[in-house]
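Below: one structure, written as structure tokens.
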Number of protein chains: 2
Amino acid sequence: VAVFQPVDAARPVRWGIASTGGIAHDFALALSLLPDAEIVAVASRSAAAAEAFADTHGIRHRHASYEAMAGDDEVDVVYVGTPHSRHCDDALLYLHAGKHVLCEKPLALNHDQAARMAHAARSRGRFLMEAIWSRFLPAYVELRRLVAGGAIGDVRLVEASFGFAAPFDSQHRLFDLSLGGGALLDVGLYPVQLAHMLLGPPDDVRGVAHLGPTGADEQSAVLLHYADGPLAVVLASITTAYACTARVSGTKGAIDLPPRFHCPAFLDLRVGTTTTRLEVPYDRNGLHYEAEEVHRCLRAGDAESVVMPLADSCAIARTLDRAREQIGLRYPGE
Amino acid sequence: VAVFQPVDAARPVRWGIASTGGIAHDFALALSLLPDAEIVAVASRSAAAAEAFADTHGIRHRHASYEAMAGDDEVDVVYVGTPHSRHCDDALLYLHAGKHVLCEKPLALNHDQAARMAHAARSRGRFLMEAIWSRFLPAYVELRRLVAGGAIGDVRLVEASFGFAAPFDSQHRLFDLSLGGGALLDVGLYPVQLAHMLLGPPDDVRGVAHLGPTGADEQSAVLLHYADGPLAVVLASITTAYACTARVSGTKGAIDLPPRFHCPAFLDLRVGTTTTRLEVPYDRNGLHYEAEEVHRCLRAGDAESVVMPLADSCAIARTLDRAREQIGLRYPGE
């Protein structure tokens, strides 16, 4: 059901970029390679940062505040790449201004925020999607195809680990709870979203963690239980290097995702004693696949992506909330 | 401190085998290759089974009950290879009769039983050890040496999965709670013991499981939390094939144990971008290493093995109890 006027096929989709950080640069590079994308604006709290980013990427409108870009009539859709703790406010700002929004993952700090964002988008008839780029990569398209086709039978166990030793001191945002720091929200989201993609929302969540001196979870381990039998294991760390692999085990076989499993270039399908390697490389920096999904939806008048719907994003936020209840982690203001 | 008269170096260690099942056969084969071991007796509830086993392995004394072998004056040490649910009673029978005991893993169904067994051994000055053969294999000796030597820094995460699709129907002992069936006790013990070997007893345990129609856990996932930061992940299944690998991640590197991690022939030491493969094959069926430890202890008058002490076995049983509390699994009579 179309809830908004689709973007005319005769002109590019016009993007605004909210943030000038590393991931915003990567996303702007991805957009610059799409013929039907135009980056018309960038916003930052710092005029100088906006100017520098705009010069780098050839962007005409430079806004010295996020609010200013909300009034930019040329912007169709805003990419929100601000810190986790700002996602909700920034996305609401743009949705309320009538913009569509692609919001960097995690969509929000918690389920309450995610639900408010989803409500704002739905009630105003605007597109909103969490930028979980993995789901749009060829590897994940192939993974869904294999599983849906019964290649490994019924999924019984999803395991994934994402851990690295952050080369940062305790002042870095990764360790700052006021910015939504910690392993679970930053990298734990990838295993959690994989489990949700394949199994949906769990009925039970258990977890343990090591909370560091700033209160942020430096490593977390979370188990998801599904009423009909499957389990999932989520391992996340910002202080220790993990294998960064994933494995989906089914009743007839298994699929291994090599490091780093959130953007793999191949899959190993294991059935009996036979392993089949499926090459599924992605081109450029990989972020353009999610941008192309946004384009497709905006051209078609779809307010949500079927690959990354808001119900999934809200369920993921709920699972992360439940995991944080288990490990005793709250963000300031919760 | 010697608590019993050591077995004279001038004669073999004289073994009795309690059980005639598959693992008892394997253990008898292992003993038959040790020059200083003599299998003098076998006991079974079935006279015919005892006769057949004795004929196969060239054993002189055939006992048609476990009790009868308790009175066999030629037996120094009994290998208890009966079903899990009998370990406690059978080990107590032989300890009370003055025999030393090597008891197949799991030592007992729960911590209460394990503690009673440990008390019986200690109070009577008899040797007792849980037959966790993995700890005595070259791979595990090398693993301990690497970790103790700081090869991977401080251990932060221990992960291991042991799952297979049992080719048995629901009548099999693996699914029978009255025999201590289920994934956790049968194969989950291997990841649990690995975590205990490297990190000791956890301060918190969380778990989820799928209980099948017989009430046995068909797959279980358990997390161990340690107060000083490390975590461990235990995955066990008797209905789904898992990777059956283990990984020990530290602050400086990691060690991978290939399938099946409980008896690997090599270890991969990963530090930075360098992987070093350490070949650590074992000979024969691998069970003789634990038997040699028993011999060493009995010759030296040591009532416990320092590699597999009773405190560890009791702690493992406690961890498994706590995991079962999490998943809501009780054995009959508990």
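Within each chain, counting starts at residue 1; across the structure tokens, chains are named A, B, ... in the order shown, with ligands numbered 1 upward in that order.
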Kindly provide, as a list in words, the residues of chain A having any atom no farther than 6 Å from an atom of chain B, counting only C-alpha atoms.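 The answer, sorted by residue number, is His210, Gly229, Thr240 and Thr251 of chain A.
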Based on the selection just made, write all heavy atoms of those residues as an mmCIF file, in the first residue's frame.
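result_12.cif, written as the output of this step:
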data_model
loop_
_atom_site.group_PDB
_atom_site.id
_atom_site.type_symbol
_atom_site.label_atom_id
_atom_site.label_comp_id
_atom_site.auth_asym_id
_atom_site.auth_seq_id
_atom_site.Cartn_x
_atom_site.Cartn_y
_atom_site.Cartn_z
ATOM 1 N N HIS A 210 30.704 -9.112 30.889
ATOM 2 C CA HIS A 210 31.685 -8.432 31.728
ATOM 3 C C HIS A 210 31.534 -6.935 31.486
ATOM 4 O O HIS A 210 31.738 -6.454 30.371
ATOM 5 C CB HIS A 210 33.103 -8.878 31.380
ATOM 6 C CG HIS A 210 34.142 -8.101 32.131
ATOM 7 N ND1 HIS A 210 34.244 -8.130 33.505
ATOM 8 C CD2 HIS A 210 35.107 -7.256 31.704
ATOM 9 C CE1 HIS A 210 35.234 -7.331 33.893
ATOM 10 N NE2 HIS A 210 35.773 -6.799 32.815
ATOM 11 N N GLY A 229 11.955 -24.951 19.495
ATOM 12 C CA GLY A 229 13.164 -25.763 19.602
ATOM 13 C C GLY A 229 14.483 -25.120 19.255
ATOM 14 O O GLY A 229 15.493 -25.430 19.880
ATOM 15 N N THR A 240 38.186 -8.029 23.095
ATOM 16 C CA THR A 240 38.862 -9.278 22.743
ATOM 17 C C THR A 240 38.502 -9.677 21.320
ATOM 18 O O THR A 240 37.331 -9.597 20.926
ATOM 19 C CB THR A 240 38.454 -10.415 23.705
ATOM 20 O OG1 THR A 240 38.794 -10.048 25.035
ATOM 21 C CG2 THR A 240 39.178 -11.717 23.354
ATOM 22 N N THR A 251 18.703 -29.411 10.557
ATOM 23 C CA THR A 251 18.502 -30.847 10.708
ATOM 24 C C THR A 251 19.167 -31.653 9.599
ATOM 25 O O THR A 251 19.411 -32.844 9.757
ATOM 26 C CB THR A 251 16.993 -31.174 10.718
ATOM 27 O OG1 THR A 251 16.379 -30.504 9.597
ATOM 28 C CG2 THR A 251 16.340 -30.692 11.994
#
Filtered DSSP result for region 97-193 of chain A, state strand (DSSP E or B), as a ChimeraX atom specification: /A:100-104,128-131,155-163,165
Output of the above residues as a short mmCIF file (atom, residue, chain, number, x, y, z; two decimals), in the first residue's frame, restricted to all heavy atoms:
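Once written, out.cif looks like this:
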data_model
loop_
_atom_site.label_atom_id
_atom_site.label_comp_id
_atom_site.auth_asym_id
_atom_site.auth_seq_id
_atom_site.Cartn_x
_atom_site.Cartn_y
_atom_site.Cartn_z
N HIS A 100 11.85 10.98 4.47
CA HIS A 100 12.07 9.56 4.68
C HIS A 100 13.41 9.40 5.38
O HIS A 100 14.26 10.30 5.30
CB HIS A 100 12.08 8.81 3.35
CG HIS A 100 10.84 9.04 2.53
ND1 HIS A 100 9.58 8.66 2.95
CD2 HIS A 100 10.65 9.63 1.31
CE1 HIS A 100 8.69 8.99 2.04
NE2 HIS A 100 9.31 9.59 1.03
N VAL A 101 13.60 8.27 6.06
CA VAL A 101 14.82 8.11 6.85
C VAL A 101 15.40 6.71 6.71
O VAL A 101 14.68 5.70 6.84
CB VAL A 101 14.56 8.40 8.35
CG1 VAL A 101 15.77 8.02 9.21
CG2 VAL A 101 14.22 9.88 8.56
N LEU A 102 16.70 6.67 6.44
CA LEU A 102 17.49 5.45 6.61
C LEU A 102 18.36 5.70 7.83
O LEU A 102 19.22 6.60 7.81
CB LEU A 102 18.37 5.18 5.38
CG LEU A 102 19.37 4.02 5.52
CD1 LEU A 102 18.65 2.68 5.65
CD2 LEU A 102 20.35 3.98 4.34
N CYS A 103 18.16 4.93 8.90
CA CYS A 103 18.85 5.20 10.16
C CYS A 103 19.89 4.12 10.42
O CYS A 103 19.59 2.92 10.37
CB CYS A 103 17.84 5.23 11.30
SG CYS A 103 18.61 5.61 12.89
N GLU A 104 21.10 4.54 10.73
CA GLU A 104 22.19 3.59 10.99
C GLU A 104 21.80 2.68 12.15
O GLU A 104 21.02 3.04 13.01
CB GLU A 104 23.49 4.38 11.29
CG GLU A 104 24.77 3.58 11.18
CD GLU A 104 24.81 2.69 9.95
OE1 GLU A 104 24.97 3.20 8.81
OE2 GLU A 104 24.66 1.46 10.12
N LEU A 128 10.87 4.43 6.72
CA LEU A 128 11.92 4.34 7.74
C LEU A 128 12.51 2.94 7.69
O LEU A 128 11.76 1.96 7.63
CB LEU A 128 11.35 4.62 9.14
CG LEU A 128 12.32 4.39 10.32
CD1 LEU A 128 13.52 5.34 10.26
CD2 LEU A 128 11.57 4.54 11.66
N MET A 129 13.84 2.87 7.73
CA MET A 129 14.51 1.56 7.74
C MET A 129 15.79 1.65 8.55
O MET A 129 16.49 2.66 8.51
CB MET A 129 14.83 1.10 6.31
CG MET A 129 15.36 -0.32 6.24
SD MET A 129 15.66 -0.89 4.53
CE MET A 129 17.41 -0.49 4.36
N GLU A 130 16.08 0.57 9.30
CA GLU A 130 17.34 0.44 10.01
C GLU A 130 18.40 -0.04 9.02
O GLU A 130 18.16 -0.98 8.26
CB GLU A 130 17.18 -0.58 11.15
CG GLU A 130 18.41 -0.72 12.04
CD GLU A 130 18.16 -1.70 13.19
OE1 GLU A 130 17.14 -2.42 13.15
OE2 GLU A 130 19.00 -1.74 14.12
N ALA A 131 19.55 0.62 9.03
CA ALA A 131 20.57 0.37 8.01
C ALA A 131 21.43 -0.86 8.36
O ALA A 131 22.63 -0.77 8.56
CB ALA A 131 21.45 1.60 7.84
N VAL A 155 16.20 -25.04 10.69
CA VAL A 155 17.28 -24.40 11.46
C VAL A 155 17.12 -24.74 12.93
O VAL A 155 16.04 -24.56 13.51
CB VAL A 155 17.25 -22.87 11.26
CG1 VAL A 155 18.27 -22.20 12.17
CG2 VAL A 155 17.53 -22.53 9.80
N ARG A 156 18.20 -25.24 13.54
CA ARG A 156 18.16 -25.62 14.96
C ARG A 156 19.06 -24.74 15.82
O ARG A 156 18.82 -24.59 17.01
CB ARG A 156 18.61 -27.09 15.13
CG ARG A 156 17.79 -28.07 14.33
CD ARG A 156 16.32 -27.97 14.63
NE ARG A 156 15.99 -28.46 15.96
CZ ARG A 156 14.82 -28.27 16.56
NH1 ARG A 156 13.86 -27.57 15.95
NH2 ARG A 156 14.59 -28.74 17.76
N LEU A 157 20.13 -24.21 15.23
CA LEU A 157 21.06 -23.40 16.02
C LEU A 157 21.68 -22.34 15.12
O LEU A 157 22.13 -22.64 14.02
CB LEU A 157 22.18 -24.29 16.61
CG LEU A 157 23.22 -23.57 17.48
CD1 LEU A 157 22.61 -23.14 18.81
CD2 LEU A 157 24.44 -24.46 17.73
N VAL A 158 21.66 -21.11 15.61
CA VAL A 158 22.36 -20.00 14.93
C VAL A 158 23.41 -19.49 15.91
O VAL A 158 23.08 -19.13 17.04
CB VAL A 158 21.39 -18.86 14.56
CG1 VAL A 158 22.15 -17.69 13.94
CG2 VAL A 158 20.31 -19.37 13.62
N GLU A 159 24.66 -19.51 15.49
CA GLU A 159 25.75 -19.02 16.35
C GLU A 159 26.52 -17.96 15.59
O GLU A 159 26.82 -18.15 14.41
CB GLU A 159 26.79 -20.09 16.65
CG GLU A 159 26.35 -21.44 17.02
CD GLU A 159 27.51 -22.43 16.86
OE1 GLU A 159 28.54 -22.30 17.55
OE2 GLU A 159 27.37 -23.35 16.02
N ALA A 160 26.89 -16.90 16.27
CA ALA A 160 27.76 -15.91 15.64
C ALA A 160 28.51 -15.15 16.72
O ALA A 160 27.97 -14.85 17.79
CB ALA A 160 26.95 -14.95 14.78
N SER A 161 29.77 -14.84 16.41
CA SER A 161 30.58 -14.05 17.33
C SER A 161 31.16 -12.86 16.59
O SER A 161 31.54 -12.96 15.42
CB SER A 161 31.72 -14.90 17.91
OG SER A 161 32.74 -15.11 16.96
N PHE A 162 31.16 -11.73 17.27
CA PHE A 162 31.74 -10.52 16.69
C PHE A 162 32.49 -9.84 17.84
O PHE A 162 31.88 -9.26 18.74
CB PHE A 162 30.66 -9.61 16.12
CG PHE A 162 31.15 -8.62 15.09
CD1 PHE A 162 30.34 -8.26 14.02
CD2 PHE A 162 32.41 -8.04 15.19
CE1 PHE A 162 30.78 -7.36 13.05
CE2 PHE A 162 32.85 -7.14 14.23
CZ PHE A 162 32.05 -6.79 13.17
N GLY A 163 33.81 -9.95 17.79
CA GLY A 163 34.60 -9.35 18.85
C GLY A 163 35.91 -8.85 18.31
O GLY A 163 36.52 -9.49 17.45
N ALA A 165 39.52 -6.29 19.58
CA ALA A 165 40.18 -5.54 20.64
C ALA A 165 40.28 -4.09 20.18
O ALA A 165 41.10 -3.76 19.33
CB ALA A 165 41.57 -6.13 20.91
#
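Among A:Ala303, A:Leu107, A:Ala115, A:Val78, the residue with the shortest atom-to-atom distance to Phe27 (chain A), counting only C-alpha atoms, is A:Val78.
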Run DSSP on the backbone and grab whatever in region 110-324 of chain B lands in alpha helix (DSSP H); send it over as JSON, numbers by chain. {"B": [111, 112, 113, 114, 115, 116, 117, 118, 119, 120, 121, 122, 123, 124, 138, 139, 140, 141, 142, 143, 144, 145, 146, 147, 148, 183, 189, 190, 191, 192, 193, 194, 195, 196, 197, 198, 199, 288, 289, 290, 291, 292, 293, 294, 295, 296, 297, 298, 299, 300, 310, 311, 312, 313, 314, 315, 316, 317, 318, 319, 320, 321, 322, 323, 324]}
Just the selected residues (C-alpha atoms), exported as a tab-separated table (two decimals), in the first residue's frame, please.
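Output (part.tsv):
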chain	number	residue	atom	x	y	z
B	111	HIS	CA	26.64	-32.47	42.74
B	112	ASP	CA	25.11	-34.25	45.73
B	113	GLN	CA	26.12	-37.62	44.34
B	114	ALA	CA	29.57	-36.36	43.32
B	115	ALA	CA	30.17	-34.94	46.79
B	116	ARG	CA	29.17	-38.23	48.42
B	117	MET	CA	31.54	-40.12	46.14
B	118	ALA	CA	34.40	-37.70	46.87
B	119	HIS	CA	33.71	-37.96	50.60
B	120	ALA	CA	33.69	-41.77	50.45
B	121	ALA	CA	37.04	-41.82	48.66
B	122	ARG	CA	38.68	-39.27	50.93
B	123	SER	CA	37.37	-40.69	54.19
B	124	ARG	CA	38.48	-44.20	53.28
B	138	PRO	CA	48.59	-34.67	24.17
B	139	ALA	CA	46.36	-31.90	22.76
B	140	TYR	CA	45.09	-30.94	26.19
B	141	VAL	CA	48.52	-31.18	27.80
B	142	GLU	CA	49.78	-28.81	25.09
B	143	LEU	CA	46.74	-26.54	25.46
B	144	ARG	CA	47.39	-26.16	29.18
B	145	ARG	CA	51.08	-25.55	28.51
B	146	LEU	CA	50.33	-22.83	25.93
B	147	VAL	CA	47.78	-21.05	28.10
B	148	ALA	CA	49.90	-21.25	31.26
B	183	ALA	CA	22.68	-33.56	25.70
B	189	LEU	CA	30.20	-32.16	29.84
B	190	TYR	CA	33.10	-31.78	27.41
B	191	PRO	CA	32.69	-28.03	26.87
B	192	VAL	CA	31.95	-27.59	30.57
B	193	GLN	CA	35.07	-29.46	31.65
B	194	LEU	CA	37.17	-27.45	29.16
B	195	ALA	CA	35.95	-24.21	30.70
B	196	HIS	CA	36.62	-25.53	34.20
B	197	MET	CA	40.07	-26.74	33.22
B	198	LEU	CA	41.03	-23.27	31.99
B	199	LEU	CA	38.96	-20.97	34.19
B	288	HIS	CA	45.29	-45.28	27.80
B	289	TYR	CA	46.45	-41.78	28.78
B	290	GLU	CA	43.90	-41.54	31.58
B	291	ALA	CA	44.72	-45.12	32.60
B	292	GLU	CA	48.39	-44.21	32.83
B	293	GLU	CA	47.49	-41.33	35.14
B	294	VAL	CA	45.66	-43.81	37.37
B	295	HIS	CA	48.72	-46.05	37.39
B	296	ARG	CA	51.00	-43.14	38.25
B	297	CYS	CA	48.77	-42.14	41.17
B	298	LEU	CA	48.36	-45.69	42.48
B	299	ARG	CA	52.13	-46.28	42.29
B	300	ALA	CA	52.81	-43.00	44.09
B	310	LEU	CA	37.75	-34.34	42.78
B	311	ALA	CA	37.26	-30.65	43.53
B	312	ASP	CA	37.09	-30.08	39.77
B	313	SER	CA	34.69	-32.97	39.25
B	314	CYS	CA	32.43	-31.66	42.01
B	315	ALA	CA	32.58	-28.14	40.55
B	316	ILE	CA	31.69	-29.48	37.10
B	317	ALA	CA	28.74	-31.34	38.61
B	318	ARG	CA	27.65	-28.11	40.34
B	319	THR	CA	27.83	-26.19	37.07
B	320	LEU	CA	25.76	-28.85	35.33
B	321	ASP	CA	23.23	-28.69	38.20
B	322	ARG	CA	22.97	-24.94	37.78
B	323	ALA	CA	22.56	-25.31	34.03
B	324	ARG	CA	19.76	-27.81	34.61
Which one of B:Ala246, B:Ala24, B:Ala9, B:Leu137 sits closest to Val280 (chain B) if you count only C-alpha atoms?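 Residue with the minimum atom-to-atom distance to Val280 (chain B): B:Leu137.
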Which residue is closest to Gly333 (chain A)? Choose from A:Leu179, A:Glu304, A:Gly188, A:Glu279 and count only C-alpha atoms.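 So, comparing all the options, the nearest one is A:Leu179.
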At a cut-off of 9 Å, using only C-alpha atoms, what residues contact region 169-174 of chain B? Leave out same-chain residues fewer than 6 positions from it and give the result as a count of residues only. 10
Contact residues around Ala10 (chain A) with only C-alpha atoms at 12 Å, ignoring same-chain residues under 3 positions, as a ChimeraX atom specification: /A:6-7,13,36-37,299
For Gly301 (chain A), which residue among A:His25, A:Val77, A:Gly125, A:Gly98 is the nearest when counting only C-alpha atoms?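 Residue with the minimum atom-to-atom distance to Gly301 (chain A): A:Gly125.
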